[in-house]
Amino acid sequence: MLKLKELIEIWRRDNSLTQALLESYAMLESTRIMFDKSVHSLRYNDAGEIAMDVYQMDKVVNSYLQDVRQKVFKHIALTGGANIVPSLVLTSIVIDVERIGDYTKNITDLAIAHPKRLRCGMFEDDIVRIEAAVKDMFGKIVPCLKASDEAAGLKLMQDNSWITKKCDEIVTAMIKEQDSSLSTSDTVAIALYARHLKRIAAHLINIASSVVNPFERVGFREA
């Protein structure tokens, strides 16, 4: 089965798919900005203020998704389904990006509901490490896709596989009230935040898997 490197060569022969691919990069950049702003509001701001309209940017991301789908549909219609795999891979990527936008918007909602800066008690260092890892993934995913760098994609997947387990541990600890210094409000917010971080990381890893794996294994660990 073809991998992303071969698929990009096919995309470059069709201008509509090339444009759709560029739009997927724009989607990722938009969600990266949304993530940075929403995290800053939740974790480093005591007023629940956000330096941009995350909801409006999420609408832009959704518009990109619809446009990519339209271009993919046009490609399939014009080619009679020939080389359908590139279209399916691209659709899979932009769906993951759209979901990242949704979870980033959830962090914004959390920042508004919990306007005081969220401090994570005994789990502060773990949360900081997860935040840094997710930001690093955002910074590396587009160059990885553009270069169709299988080694970089594999490293991104392997280096960040720990995030899921750590987020689950934090959620469990919140349920069991292991840090008695935290208020009920903080406990709930931390549990929700850990879940949102987990899902954003998982979708970024799914996107990286499109570089590493053949289509039937996109979204799974490396083959």
# chains A, B, ... in the order shown; residues from 1 in each chain; ligands from 1
$ residues_around --residues "stretch 71-81 of chain A" --least-positions-apart "6" --cutoff "9 Å" --atoms "only C-alpha atoms" --output "NGL selection string"
:A and (14 or 16-17 or 19-20 or 87-88 or 90-91)
$ residues_around --residues "A:Lys135" --least-positions-apart "5" --cutoff "9 Å" --atoms "only C-alpha atoms" --output "CSV table (one decimal) with C-alpha atoms, in the first residue's frame"
chain,number,residue,atom,x,y,z
A,32,ARG,CA,-1.4,25.7,16.7
A,35,PHE,CA,-3.8,26.1,21.2
A,36,ASP,CA,-1.2,28.5,22.3
A,130,ILE,CA,2.7,17.6,28.5
A,140,LYS,CA,7.2,19.6,14.0
$ residues_around --residues "A:Leu192" --least-positions-apart "4" --cutoff "10 Å" --atoms "only C-alpha atoms" --output "NGL selection string"
:A and (106-107 or 110 or 167 or 170-171 or 174 or 186-188 or 196-198)
$ write_last_selection --atoms "C-alpha atoms" --output "compact mmCIF listing (two decimals), in the first residue's frame"
# COMPACT_ATOMS: atom_id res chain seq x y z
CA ASN A 106 -12.84 23.15 24.75
CA ILE A 107 -9.74 24.52 26.50
CA LEU A 110 -12.53 25.80 30.34
CA CYS A 167 -2.95 12.09 31.14
CA ILE A 170 -3.74 12.51 36.16
CA VAL A 171 -7.46 12.04 35.51
CA MET A 174 -8.22 13.75 40.26
CA ASP A 186 -9.39 23.00 40.32
CA THR A 187 -9.75 19.22 40.50
CA VAL A 188 -12.50 19.17 37.88
CA HIS A 196 -8.24 17.71 26.22
CA LEU A 197 -4.43 17.59 26.08
CA LYS A 198 -4.57 13.83 25.63
$ atom_distance --atom1 "atom CA of A:Leu154" --atom2 "atom CA of A:Tyr64"
26.9 Å
$ closest_residue --among "A:Trp162, A:Ser210, A:Ala26, A:Phe123" --to "A:Asp149" --atoms "only C-alpha atoms"
A:Ser210
$ atom_distance --atom1 "atom CA of A:Ala47" --atom2 "atom CA of A:Ser180"
24.8 Å
$ residues_around --residues "A:His203" --least-positions-apart "2" --cutoff "10 Å" --atoms "only C-alpha atoms" --output "ChimeraX atom specification"
/A:93,95-100,198-201,205-209,219
$ write_last_selection --atoms "N, CA and C atoms" --output "short mmCIF file (atom, residue, chain, number, x, y, z; two decimals), in the first residue's frame"
data_model
loop_
_atom_site.label_atom_id
_atom_site.label_comp_id
_atom_site.auth_asym_id
_atom_site.auth_seq_id
_atom_site.Cartn_x
_atom_site.Cartn_y
_atom_site.Cartn_z
N ILE A 93 -6.46 13.24 7.39
CA ILE A 93 -5.63 14.25 8.03
C ILE A 93 -6.46 15.45 8.47
N ILE A 95 -9.63 15.75 9.00
CA ILE A 95 -10.59 15.42 10.07
C ILE A 95 -9.89 15.47 11.43
N ASP A 96 -8.67 14.93 11.48
CA ASP A 96 -7.89 15.01 12.73
C ASP A 96 -7.64 16.46 13.10
N VAL A 97 -7.29 17.29 12.12
CA VAL A 97 -7.02 18.70 12.41
C VAL A 97 -8.28 19.40 12.93
N GLU A 98 -9.41 19.10 12.31
CA GLU A 98 -10.67 19.70 12.75
C GLU A 98 -10.99 19.32 14.19
N ARG A 99 -10.71 18.08 14.55
CA ARG A 99 -10.95 17.63 15.93
C ARG A 99 -10.01 18.33 16.90
N ILE A 100 -8.77 18.59 16.47
CA ILE A 100 -7.84 19.35 17.30
C ILE A 100 -8.43 20.73 17.58
N LYS A 198 -4.72 15.20 26.12
CA LYS A 198 -4.57 13.83 25.63
C LYS A 198 -5.12 13.69 24.22
N ARG A 199 -6.31 14.21 23.99
CA ARG A 199 -6.95 14.05 22.68
C ARG A 199 -6.23 14.86 21.60
N ILE A 200 -5.76 16.06 21.94
CA ILE A 200 -5.01 16.86 20.96
C ILE A 200 -3.73 16.12 20.57
N ALA A 201 -3.02 15.61 21.57
CA ALA A 201 -1.80 14.85 21.29
C ALA A 201 -2.09 13.63 20.43
N ILE A 205 -0.58 12.74 16.73
CA ILE A 205 0.10 11.47 16.46
C ILE A 205 -0.57 10.74 15.30
N ASN A 206 -1.90 10.82 15.22
CA ASN A 206 -2.60 10.23 14.07
C ASN A 206 -2.10 10.83 12.76
N ILE A 207 -1.93 12.15 12.76
CA ILE A 207 -1.45 12.83 11.55
C ILE A 207 -0.04 12.36 11.21
N ALA A 208 0.81 12.26 12.23
CA ALA A 208 2.17 11.77 12.00
C ALA A 208 2.16 10.35 11.44
N SER A 209 1.18 9.56 11.85
CA SER A 209 1.11 8.17 11.39
C SER A 209 0.83 8.09 9.89
N GLY A 219 -3.45 6.32 11.85
CA GLY A 219 -4.15 6.43 13.13
C GLY A 219 -3.76 5.37 14.11
#
$ select_by_dssp --residues "stretch 18-217 of chain A" --states "helix (DSSP H, G or I)" --output "PyMOL selection string"
chain A and resi 18-44+54-79+84-113+121-147+150-159+162-175+184-212+215-217
$ closest_residue --among "A:Pro115, A:Thr108, A:Ser148, A:Pro86" --to "A:Thr18" --atoms "only C-alpha atoms"
A:Pro86
